[in-house]
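Working notes for the structure below.
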Amino acid sequence: MDEELERFRVDVGYCKSCLGMQGGREQRVYRFPNGYGASLISAPRLGGPDRWTIMALRFDGDEYVTVNVPGIENGAAVHEDVYRRMLDIIISQPHF
């Protein structure tokens, strides 16, 4: 994870609702200056590249809800190069 993206990370740790799943899951929550953000939850794969489930978020104070953003398929499991492009789409949205 590059430093530029890391500065937007607001939550570090493991997905609390995923702790009982085999292999555990890492969750990353990002908050961008435009009021949007993203939640990424890892989906470790044995013998293959990791995949991440992405959800676009909209922040209201410290709380957030999922939102639809054109070009983002909420709940999609994607590889790192794809989720990076999706994060770029979310970052480029005008402030709401």
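Residue numbers start at 1 in each chain; chains themselves are named A, B, ... in the order of the structure tokens; ligands are numbered from 1 in the order shown.
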- Could you pull the residues within 10 Å of Gly61 in chain A, counting only C-alpha atoms, minus those fewer than 3 positions along the same chain, as a VMD selection string? chain A and resid 35 58 64
Restrict the selected residues to C-alpha atoms and save them as an mmCIF file, in the first residue's frame.
data_model
loop_
_atom_site.group_PDB
_atom_site.id
_atom_site.type_symbol
_atom_site.label_atom_id
_atom_site.label_comp_id
_atom_site.auth_asym_id
_atom_site.auth_seq_id
_atom_site.Cartn_x
_atom_site.Cartn_y
_atom_site.Cartn_z
ATOM 1 C CA GLY A 35 -16.659 12.982 1.846
ATOM 2 C CA ARG A 58 -20.261 8.196 2.197
ATOM 3 C CA TYR A 64 -20.654 6.131 7.153
#
- Among the residues of range 3-93 of chain A, find those DSSP assigns to alpha helix (DSSP H) from the backbone and print them as number ranges by chain. A: 3-6, 80-91
Only C-alpha atoms, please: the residues just picked out, written as a short mmCIF file (atom, residue, chain, number, x, y, z; two decimals), in the first residue's frame.
data_model
loop_
_atom_site.label_atom_id
_atom_site.label_comp_id
_atom_site.auth_asym_id
_atom_site.auth_seq_id
_atom_site.Cartn_x
_atom_site.Cartn_y
_atom_site.Cartn_z
CA GLU A 3 1.93 6.18 1.39
CA GLU A 4 -0.45 8.46 -0.51
CA LEU A 5 -3.35 6.06 -0.10
CA GLU A 6 -2.33 5.07 3.42
CA GLU A 80 -5.45 -5.28 -5.96
CA ASP A 81 -4.90 -3.61 -9.35
CA VAL A 82 -8.67 -3.43 -9.92
CA TYR A 83 -9.55 -2.09 -6.47
CA ARG A 84 -6.87 0.59 -6.87
CA ARG A 85 -8.64 1.79 -10.02
CA MET A 86 -11.96 1.72 -8.15
CA LEU A 87 -10.48 3.80 -5.33
CA ASP A 88 -9.33 6.33 -7.94
CA ILE A 89 -12.94 6.56 -9.18
CA ILE A 90 -14.21 7.18 -5.64
CA ILE A 91 -11.50 9.78 -4.94
#
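The nearest approach to Ala76 in chain A among the residues A:Tyr36, A:Phe96, A:Phe59, A:Trp52, with only C-alpha atoms taken into account, belongs to A:Trp52.
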- Query: Which distance in Å separates CA of Val10 in chain A and CA of Ser92 in chain A, to one decimal?
  - Reply: 18.6 Å
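Nearest to Ile72 in chain A of all the residues A:Asp11, A:Ala38, A:Ala56, A:Arg31 is A:Ala56, based on only C-alpha atoms.
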- Enumerate the residues of chain A with a DSSP assignment of strand (DSSP E), computed from the backbone, and present them as a PyMOL selection string. chain A and resi 9-14+26-31+36-43+51-60+63-66+76-78
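When only C-alpha atoms are used to compute distances to His95 in chain A, the closest of the residues A:Asp62, A:Pro33, A:Met55, A:Leu40 turns out to be A:Pro33.
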